[in-house]
file data_9.cif (mmCIF, C-alpha atoms and all ligand atoms)
data_protein
#
loop_
_atom_site.group_PDB
_atom_site.id
_atom_site.type_symbol
_atom_site.label_atom_id
_atom_site.label_comp_id
_atom_site.auth_asym_id
_atom_site.auth_seq_id
_atom_site.Cartn_x
_atom_site.Cartn_y
_atom_site.Cartn_z
ATOM 1 C CA MET A 1 8.269 20.595 -8.430
ATOM 2 C CA LYS A 2 6.249 17.889 -10.151
ATOM 3 C CA CYS A 3 4.416 15.090 -8.411
ATOM 4 C CA ALA A 4 6.163 11.756 -8.582
ATOM 5 C CA PRO A 5 5.188 10.044 -11.830
ATOM 6 C CA LEU A 6 3.115 6.869 -11.546
ATOM 7 C CA SER A 7 6.194 4.697 -11.986
ATOM 8 C CA ARG A 8 7.928 6.382 -9.033
ATOM 9 C CA ARG A 9 5.092 6.701 -6.551
ATOM 10 C CA LEU A 10 6.735 4.440 -4.026
ATOM 11 C CA PRO A 11 9.366 6.799 -2.623
ATOM 12 C CA PRO A 12 12.589 5.729 -0.922
ATOM 13 C CA LEU A 13 12.596 4.929 2.771
ATOM 14 C CA PRO A 14 12.618 8.053 4.941
ATOM 15 C CA GLY A 15 15.978 6.931 6.367
ATOM 16 C CA ALA A 16 17.532 7.480 2.927
ATOM 17 C CA LEU A 17 17.054 11.238 3.260
ATOM 18 C CA PRO A 18 19.758 13.631 4.390
ATOM 19 C CA LYS A 19 18.886 14.035 8.072
ATOM 20 C CA ASN A 20 18.807 17.834 7.972
ATOM 21 C CA ASP A 21 16.161 17.977 5.269
ATOM 22 C CA ALA A 22 13.398 16.694 7.516
ATOM 23 C CA ASP A 23 14.686 18.711 10.486
ATOM 24 C CA GLN A 24 14.537 22.007 8.610
ATOM 25 C CA LYS A 25 10.928 21.678 7.437
ATOM 26 C CA PRO A 26 8.531 23.792 9.528
ATOM 27 C CA LYS A 27 5.729 21.916 11.280
ATOM 28 C CA ARG A 28 3.008 23.729 9.375
ATOM 29 C CA HIS A 29 0.172 21.680 10.790
ATOM 30 C CA THR A 30 0.755 22.578 14.434
ATOM 31 C CA LYS A 31 -1.505 25.646 14.396
ATOM 32 C CA ARG A 32 -4.242 23.727 12.607
ATOM 33 C CA LEU A 33 -4.191 21.002 15.205
ATOM 34 C CA GLN A 34 -4.685 23.662 17.886
ATOM 35 C CA ASN A 35 -7.718 24.986 15.982
ATOM 36 C CA ARG A 36 -9.384 21.605 16.379
ATOM 37 C CA HIS A 37 -10.448 22.629 19.851
ATOM 38 C CA LEU A 38 -12.296 25.732 18.610
ATOM 39 C CA ASN A 39 -15.165 23.446 17.590
ATOM 40 C CA GLU A 40 -15.515 25.361 14.352
ATOM 41 C CA ILE A 41 -13.354 23.377 12.038
ATOM 42 C CA TRP A 42 -11.749 20.030 12.428
ATOM 43 C CA PHE A 43 -8.185 19.568 11.272
ATOM 44 C CA PRO A 44 -7.348 16.005 12.264
ATOM 45 C CA GLY A 45 -3.805 16.286 10.982
ATOM 46 C CA GLN A 46 -1.859 15.521 7.885
ATOM 47 C CA SER A 47 0.513 13.006 6.473
ATOM 48 C CA ASP A 48 4.093 14.133 7.094
ATOM 49 C CA TYR A 49 5.489 11.296 5.034
ATOM 50 C CA ALA A 50 6.097 13.284 1.873
ATOM 51 C CA ASN A 51 7.683 16.022 3.962
ATOM 52 C CA ASP A 52 10.113 13.411 5.201
ATOM 53 C CA VAL A 53 11.060 12.411 1.687
ATOM 54 C CA GLY A 54 11.406 15.969 0.402
ATOM 55 C CA MET A 55 8.377 16.131 -1.942
ATOM 56 C CA THR A 56 6.601 19.450 -1.993
ATOM 57 C CA LYS A 57 3.128 19.013 -3.447
ATOM 58 C CA SER A 58 0.514 19.431 -0.765
ATOM 59 C CA LEU A 59 -3.251 18.997 -1.010
ATOM 60 C CA LEU A 60 -6.025 20.144 1.293
ATOM 61 C CA ILE A 61 -9.095 17.926 1.488
ATOM 62 C CA LEU A 62 -11.917 20.049 2.855
ATOM 63 C CA ASN A 63 -15.297 18.601 3.764
ATOM 64 C CA GLY A 64 -18.420 20.555 4.527
ATOM 65 C CA PRO A 65 -21.612 20.260 6.543
ATOM 66 C CA ASN A 66 -22.851 16.912 7.852
ATOM 67 C CA LEU A 67 -19.988 14.970 6.307
ATOM 68 C CA ASN A 68 -18.709 14.354 9.844
ATOM 69 C CA LEU A 69 -21.710 11.989 10.098
ATOM 70 C CA LEU A 70 -20.644 9.800 7.203
ATOM 71 C CA GLY A 71 -21.059 6.096 7.815
ATOM 72 C CA THR A 72 -23.463 6.625 10.699
ATOM 73 C CA ARG A 73 -26.687 7.574 8.847
ATOM 74 C CA GLN A 74 -28.173 7.252 5.360
ATOM 75 C CA PRO A 75 -25.709 4.499 4.319
ATOM 76 C CA GLU A 76 -27.918 3.759 1.285
ATOM 77 C CA VAL A 77 -27.023 7.218 -0.079
ATOM 78 C CA TYR A 78 -23.538 7.931 1.294
ATOM 79 C CA GLY A 79 -22.143 4.465 2.086
ATOM 80 C CA THR A 80 -20.789 3.003 5.300
ATOM 81 C CA THR A 81 -17.299 4.494 5.227
ATOM 82 C CA THR A 82 -16.723 7.081 7.965
ATOM 83 C CA LEU A 83 -14.859 10.344 7.442
ATOM 84 C CA PRO A 84 -11.854 9.183 9.532
ATOM 85 C CA MET A 85 -11.714 6.051 7.357
ATOM 86 C CA ILE A 86 -11.729 8.174 4.192
ATOM 87 C CA GLU A 87 -8.964 10.338 5.618
ATOM 88 C CA ALA A 88 -6.892 7.254 6.429
ATOM 89 C CA LEU A 89 -7.340 6.016 2.843
ATOM 90 C CA CYS A 90 -6.251 9.431 1.550
ATOM 91 C CA ALA A 91 -3.210 9.511 3.849
ATOM 92 C CA ASP A 92 -2.159 6.094 2.509
ATOM 93 C CA HIS A 93 -2.723 7.290 -1.049
ATOM 94 C CA ALA A 94 -0.618 10.401 -0.365
ATOM 95 C CA LYS A 95 2.229 8.196 0.833
ATOM 96 C CA ALA A 96 2.048 6.091 -2.304
ATOM 97 C CA MET A 97 1.983 9.198 -4.504
ATOM 98 C CA GLY A 98 4.751 11.000 -2.631
ATOM 99 C CA ILE A 99 2.680 14.050 -1.746
ATOM 100 C CA LYS A 100 1.384 15.702 1.423
ATOM 101 C CA VAL A 101 -2.244 15.851 2.406
ATOM 102 C CA ALA A 102 -4.099 17.772 5.090
ATOM 103 C CA PHE A 103 -7.726 17.392 6.134
ATOM 104 C CA ALA A 104 -10.384 19.734 7.422
ATOM 105 C CA GLN A 105 -14.118 19.526 8.006
ATOM 106 C CA SER A 106 -16.621 22.099 9.162
ATOM 107 C CA ASN A 107 -20.358 22.510 9.389
ATOM 108 C CA ILE A 108 -19.903 26.285 9.282
ATOM 109 C CA GLU A 109 -19.734 28.112 5.961
ATOM 110 C CA GLY A 110 -17.509 30.936 7.262
ATOM 111 C CA ALA A 111 -15.063 28.458 8.789
ATOM 112 C CA MET A 112 -14.779 26.792 5.390
ATOM 113 C CA VAL A 113 -14.088 30.191 3.806
ATOM 114 C CA ASP A 114 -11.365 30.712 6.421
ATOM 115 C CA ALA A 115 -9.890 27.279 5.677
ATOM 116 C CA LEU A 116 -9.728 28.121 1.969
ATOM 117 C CA HIS A 117 -8.056 31.475 2.685
ATOM 118 C CA ALA A 118 -5.520 29.708 4.911
ATOM 119 C CA ALA A 119 -4.747 27.194 2.140
ATOM 120 C CA ARG A 120 -3.250 29.875 -0.087
ATOM 121 C CA GLY A 121 0.539 29.636 -0.032
ATOM 122 C CA VAL A 122 0.388 26.458 2.066
ATOM 123 C CA HIS A 123 -1.174 23.913 -0.289
ATOM 124 C CA ASP A 124 -0.913 23.368 -4.041
ATOM 125 C CA GLY A 125 -4.463 22.199 -4.612
ATOM 126 C CA VAL A 126 -7.786 21.707 -2.868
ATOM 127 C CA ILE A 127 -10.272 18.837 -2.997
ATOM 128 C CA LEU A 128 -13.588 20.174 -1.790
ATOM 129 C CA ASN A 129 -16.763 18.375 -0.860
ATOM 130 C CA ALA A 130 -18.782 21.409 0.157
ATOM 131 C CA GLY A 131 -21.861 19.292 0.937
ATOM 132 C CA ALA A 132 -25.101 21.239 0.629
ATOM 133 C CA TYR A 133 -23.168 24.545 0.450
ATOM 134 C CA THR A 134 -22.224 23.392 -3.065
ATOM 135 C CA HIS A 135 -25.697 24.394 -4.197
ATOM 136 C CA THR A 136 -26.038 27.650 -2.244
ATOM 137 C CA SER A 137 -22.722 29.289 -1.451
ATOM 138 C CA ILE A 138 -21.462 32.207 -3.500
ATOM 139 C CA ALA A 139 -19.117 32.879 -0.554
ATOM 140 C CA LEU A 140 -17.335 29.553 -1.041
ATOM 141 C CA MET A 141 -17.122 30.106 -4.798
ATOM 142 C CA ASP A 142 -15.550 33.532 -4.221
ATOM 143 C CA ALA A 143 -13.164 32.054 -1.643
ATOM 144 C CA ILE A 144 -11.975 29.422 -4.128
ATOM 145 C CA PHE A 145 -11.313 32.130 -6.723
ATOM 146 C CA SER A 146 -9.430 34.141 -4.082
ATOM 147 C CA THR A 147 -7.059 31.262 -3.312
ATOM 148 C CA GLU A 148 -6.019 30.974 -6.962
ATOM 149 C CA LEU A 149 -5.521 27.281 -6.160
ATOM 150 C CA PRO A 150 -6.760 24.525 -8.448
ATOM 151 C CA THR A 151 -9.800 23.033 -6.762
ATOM 152 C CA ILE A 152 -11.627 19.800 -7.538
ATOM 153 C CA GLU A 153 -15.307 19.637 -6.619
ATOM 154 C CA LEU A 154 -16.120 16.263 -5.128
ATOM 155 C CA HIS A 155 -19.327 14.456 -4.196
ATOM 156 C CA LEU A 156 -19.850 10.962 -2.879
ATOM 157 C CA SER A 157 -23.197 10.657 -4.615
ATOM 158 C CA ASN A 158 -24.062 11.343 -8.236
ATOM 159 C CA VAL A 159 -25.735 14.681 -7.606
ATOM 160 C CA HIS A 160 -27.051 14.790 -11.178
ATOM 161 C CA ALA A 161 -29.085 11.635 -10.630
ATOM 162 C CA ARG A 162 -30.689 13.144 -7.537
ATOM 163 C CA GLU A 163 -33.089 16.009 -6.812
ATOM 164 C CA GLU A 164 -33.136 18.977 -9.174
ATOM 165 C CA PHE A 165 -31.778 21.357 -6.491
ATOM 166 C CA ARG A 166 -28.529 19.329 -6.366
ATOM 167 C CA HIS A 167 -27.890 19.804 -10.088
ATOM 168 C CA HIS A 168 -26.650 23.365 -9.730
ATOM 169 C CA SER A 169 -23.223 24.035 -8.223
ATOM 170 C CA TYR A 170 -21.589 27.356 -7.407
ATOM 171 C CA ILE A 171 -18.370 25.453 -6.679
ATOM 172 C CA ALA A 172 -18.233 24.173 -10.272
ATOM 173 C CA LYS A 173 -17.743 27.714 -11.571
ATOM 174 C CA ALA A 174 -14.440 27.919 -9.703
ATOM 175 C CA ALA A 175 -13.327 24.279 -9.981
ATOM 176 C CA VAL A 176 -10.892 22.741 -12.451
ATOM 177 C CA GLY A 177 -12.995 19.578 -12.493
ATOM 178 C CA ILE A 178 -15.687 17.566 -10.769
ATOM 179 C CA ILE A 179 -15.790 14.001 -9.480
ATOM 180 C CA CYS A 180 -19.095 12.596 -8.256
ATOM 181 C CA GLY A 181 -20.884 9.314 -7.792
ATOM 182 C CA PHE A 182 -17.978 7.071 -6.807
ATOM 183 C CA GLY A 183 -18.496 7.137 -3.048
ATOM 184 C CA ALA A 184 -15.417 7.194 -0.832
ATOM 185 C CA ALA A 185 -13.230 6.129 -3.780
ATOM 186 C CA GLY A 186 -13.849 9.588 -5.262
ATOM 187 C CA TYR A 187 -11.424 11.124 -2.768
ATOM 188 C CA THR A 188 -8.423 9.106 -3.911
ATOM 189 C CA LEU A 189 -9.505 9.506 -7.537
ATOM 190 C CA ALA A 190 -9.520 13.260 -6.968
ATOM 191 C CA MET A 191 -6.039 13.135 -5.408
ATOM 192 C CA THR A 192 -4.698 11.307 -8.456
ATOM 193 C CA ALA A 193 -6.441 13.741 -10.792
ATOM 194 C CA MET A 194 -5.078 16.748 -8.896
ATOM 195 C CA CYS A 195 -1.570 15.339 -8.851
ATOM 196 C CA ASP A 196 -1.693 14.807 -12.605
ATOM 197 C CA TYR A 197 -3.150 18.308 -13.056
ATOM 198 C CA LEU A 198 -0.367 19.863 -10.968
ATOM 199 C CA GLY A 199 2.292 17.833 -12.736
ATOM 200 C CA ALA A 200 0.998 18.905 -16.113
ATOM 201 C CA SER A 201 0.839 22.586 -15.212
ATOM 202 C CA ALA A 202 3.983 22.882 -13.022
HETATM 203 O O1 LIG B 1 -22.782 13.502 -2.391
HETATM 204 C C1 LIG B 1 -22.162 14.322 -1.715
HETATM 205 O O2 LIG B 1 -20.996 14.155 -1.351
HETATM 206 C C2 LIG B 1 -22.890 15.588 -1.236
HETATM 207 O O3 LIG B 1 -21.948 16.649 -1.242
HETATM 208 C C3 LIG B 1 -23.369 15.302 0.176
HETATM 209 C C4 LIG B 1 -24.199 16.431 0.749
HETATM 210 C C5 LIG B 1 -25.318 16.823 -0.209
HETATM 211 O O4 LIG B 1 -26.032 17.946 0.307
HETATM 212 C C6 LIG B 1 -24.773 17.152 -1.577
HETATM 213 O O5 LIG B 1 -25.868 17.454 -2.427
HETATM 214 C C7 LIG B 1 -24.029 15.972 -2.149
HETATM 215 C C8 LIG B 1 -24.835 16.007 2.068
HETATM 216 C C9 LIG B 1 -23.891 15.423 3.051
HETATM 217 C C10 LIG B 1 -24.710 14.816 4.157
HETATM 218 O O6 LIG B 1 -23.949 13.794 4.746
HETATM 219 C C11 LIG B 1 -24.578 12.943 5.574
HETATM 220 C C12 LIG B 1 -23.845 11.887 6.015
HETATM 221 C C13 LIG B 1 -24.415 10.989 6.855
HETATM 222 C C14 LIG B 1 -25.737 11.150 7.273
HETATM 223 C C15 LIG B 1 -26.450 12.228 6.828
HETATM 224 C C16 LIG B 1 -25.868 13.137 5.986
#

call {"tool": "encode", "arguments": {"input": "data_9.cif", "output": "structure tokens", "more": "lines below"}}
Ligand code: CA2
result
Amino acid sequence: MKCAPLSRRLPPLPGALPKNDADQKPKRHTKRLQNRHLNEIWFPGQSDYANDVGMTKSLLILNGPNLNLLGTRQPEVYGTTTLPMIEALCADHAKAMGIKVAFAQSNIEGAMVDALHAARGVHDGVILNAGAYTHTSIALMDAIFSTELPTIELHLSNVHAREEFRHHSYIAKAAVGIICGFGAAGYTLAMTAMCDYLGASA
């Protein structure tokens, strides 16, 4: 099923749905919310709005190491927007686009690999800010290939205008595209880009 086109991104009120439709959808995020307490990976939840209106496209937004500190340190590099604020912006954007979105963050490379494995068959696309693992992790690159899910590499900063070691990305080899340098706005830009990508290839 295609994403709602731009002209139809404001879906009908949830009350307009046949009641059974929402009732029959499994609560796929329940297990992820339980995992939050493992202190390995943070799944703060997902927008159920699109589920309520019967849309099926679902994106995972996965953030890597130190991004849980966003907005608290180095604002001159990464801005003042916190990760929960970014996730709220993305949830709003998902509503407007008529899609589902789930969020995860981990400082642990293996937990991120696990999150990518778990995305297969659950989500339609992944938006990944792998943080510093972008520049080092063959394991994450392999995990992206294993999901067979379109993945957008995302960075808040323009990594190519920074130190030489940030210019190389293992994630890029497995990504359908890259967005960097637009700060927090990059996340919603990536959602729009992924939705268009999925619509074009569905
Ligand atoms: O620009 C990005 O989004 C990065 O992925 C951020 C990574 C960096 O290693 C990549 O080269 C580019 C670092 C994230 C660190 O986040 C912090 C947030 C607040 C305070 C300190 C670090």

call {"tool": "closest_atom_pairs", "arguments": {"input": "data_9.cif", "of": "chain A", "to": "ligand LIG 1 (chain B)", "cutoff": "9 Å", "atoms": "only C-alpha atoms and all ligand atoms", "output": "tab-separated table"}}
result
residue	atom	partner	partner_atom	distance
A:Asn63	CA	B:LIG1	O3	8.6
A:Gly64	CA	B:LIG1	C9	7.6
A:Pro65	CA	B:LIG1	C9	6.4
A:Asn66	CA	B:LIG1	O6	4.5
A:Leu67	CA	B:LIG1	O6	4.4
A:Asn68	CA	B:LIG1	C12	6.9
A:Leu69	CA	B:LIG1	C13	4.3
A:Leu70	CA	B:LIG1	C13	4.0
A:Gly71	CA	B:LIG1	C13	6.0
A:Thr72	CA	B:LIG1	C13	5.9
A:Arg73	CA	B:LIG1	C14	4.0
A:Gln74	CA	B:LIG1	C14	5.0
A:Pro75	CA	B:LIG1	C13	7.1
A:Val77	CA	B:LIG1	O1	7.9
A:Tyr78	CA	B:LIG1	C12	6.2
A:Gly79	CA	B:LIG1	C13	8.4
A:Thr80	CA	B:LIG1	C13	8.9
A:Thr82	CA	B:LIG1	C13	8.7
A:Asn129	CA	B:LIG1	O3	5.5
A:Ala130	CA	B:LIG1	O3	5.9
A:Gly131	CA	B:LIG1	O3	3.4
A:Ala132	CA	B:LIG1	O4	3.4
A:Tyr133	CA	B:LIG1	O4	7.2
A:Thr134	CA	B:LIG1	C6	6.9
A:His135	CA	B:LIG1	O5	7.2
A:Leu154	CA	B:LIG1	O2	6.5
A:His155	CA	B:LIG1	O2	3.3
A:Leu156	CA	B:LIG1	O2	3.7
A:Ser157	CA	B:LIG1	O1	3.6
A:Asn158	CA	B:LIG1	O1	6.4
A:Val159	CA	B:LIG1	C7	5.9
A:Arg162	CA	B:LIG1	O5	8.2
A:Glu163	CA	B:LIG1	O5	8.6
A:Phe165	CA	B:LIG1	O5	8.2
A:Arg166	CA	B:LIG1	O5	5.1
A:His167	CA	B:LIG1	O5	8.3
A:Cys180	CA	B:LIG1	O1	7.0
A:Gly181	CA	B:LIG1	O1	7.1
A:Gly183	CA	B:LIG1	O2	7.6
A:Ala184	CA	B:LIG1	O2	8.9

call {"tool": "write_last_selection", "arguments": {"input": "data_9.cif", "atoms": "C-alpha atoms", "output": "short mmCIF file (atom, residue, chain, number, x, y, z; two decimals), in the frame of the given file"}}
result
data_model
loop_
_atom_site.label_atom_id
_atom_site.label_comp_id
_atom_site.auth_asym_id
_atom_site.auth_seq_id
_atom_site.Cartn_x
_atom_site.Cartn_y
_atom_site.Cartn_z
CA ASN A 63 -15.30 18.60 3.76
CA GLY A 64 -18.42 20.56 4.53
CA PRO A 65 -21.61 20.26 6.54
CA ASN A 66 -22.85 16.91 7.85
CA LEU A 67 -19.99 14.97 6.31
CA ASN A 68 -18.71 14.35 9.84
CA LEU A 69 -21.71 11.99 10.10
CA LEU A 70 -20.64 9.80 7.20
CA GLY A 71 -21.06 6.10 7.82
CA THR A 72 -23.46 6.62 10.70
CA ARG A 73 -26.69 7.57 8.85
CA GLN A 74 -28.17 7.25 5.36
CA PRO A 75 -25.71 4.50 4.32
CA VAL A 77 -27.02 7.22 -0.08
CA TYR A 78 -23.54 7.93 1.29
CA GLY A 79 -22.14 4.46 2.09
CA THR A 80 -20.79 3.00 5.30
CA THR A 82 -16.72 7.08 7.96
CA ASN A 129 -16.76 18.38 -0.86
CA ALA A 130 -18.78 21.41 0.16
CA GLY A 131 -21.86 19.29 0.94
CA ALA A 132 -25.10 21.24 0.63
CA TYR A 133 -23.17 24.54 0.45
CA THR A 134 -22.22 23.39 -3.06
CA HIS A 135 -25.70 24.39 -4.20
CA LEU A 154 -16.12 16.26 -5.13
CA HIS A 155 -19.33 14.46 -4.20
CA LEU A 156 -19.85 10.96 -2.88
CA SER A 157 -23.20 10.66 -4.62
CA ASN A 158 -24.06 11.34 -8.24
CA VAL A 159 -25.74 14.68 -7.61
CA ARG A 162 -30.69 13.14 -7.54
CA GLU A 163 -33.09 16.01 -6.81
CA PHE A 165 -31.78 21.36 -6.49
CA ARG A 166 -28.53 19.33 -6.37
CA HIS A 167 -27.89 19.80 -10.09
CA CYS A 180 -19.10 12.60 -8.26
CA GLY A 181 -20.88 9.31 -7.79
CA GLY A 183 -18.50 7.14 -3.05
CA ALA A 184 -15.42 7.19 -0.83
#

call {"tool": "atom_distance", "arguments": {"input": "data_9.cif", "atom1": "atom CA of A:His160", "atom2": "atom CA of A:Leu128"}}
result
17.3 Å

call {"tool": "closest_residue", "arguments": {"input": "data_9.cif", "among": "A:Gly110, A:Tyr187, A:Ala193, A:Ala118", "to": "A:Leu83", "atoms": "only C-alpha atoms"}}
result
A:Tyr187

call {"tool": "closest_residue", "arguments": {"input": "data_9.cif", "among": "A:Pro84, A:Pro150, A:Gly199, A:Gly177", "to": "A:Arg120", "atoms": "only C-alpha atoms"}}
result
A:Pro150

call {"tool": "closest_residue", "arguments": {"input": "data_9.cif", "among": "A:Ala104, A:Ile99, A:Ala115, A:Ile144", "to": "A:Lys173", "atoms": "all atoms listed in the file"}}
result
A:Ile144

call {"tool": "resolve_selection", "arguments": {"input": "data_9.cif", "expression": "the PyMOL selection byres (((chain A and resi 119) around 12) and not hetatm)", "output": "PyMOL selection string"}}
result
chain A and resi 28-29+32+58-62+101-104+112-118+120-128+143-144+146-151

call {"tool": "atom_distance", "arguments": {"input": "data_9.cif", "atom1": "atom CA of A:Ala175", "atom2": "atom CA of A:Ile152"}}
result
5.4 Å

call {"tool": "atom_distance", "arguments": {"input": "data_9.cif", "atom1": "atom CA of A:Lys95", "atom2": "atom CA of A:Phe145"}}
result
28.5 Å

call {"tool": "closest_residue", "arguments": {"input": "data_9.cif", "among": "A:Ala88, A:Ile108, A:Leu189, A:Ile171", "to": "A:Met141", "atoms": "only C-alpha atoms"}}
result
A:Ile171

call {"tool": "closest_residue", "arguments": {"input": "data_9.cif", "among": "A:Ala111, A:Leu140, A:Met97, A:Met194", "to": "A:Ile178", "atoms": "all atoms listed in the file"}}
result
A:Met194

call {"tool": "closest_residue", "arguments": {"input": "data_9.cif", "among": "A:Ala96, A:Ala190, A:Ile138, A:Ala185", "to": "A:Glu153", "atoms": "all atoms listed in the file"}}
result
A:Ala190
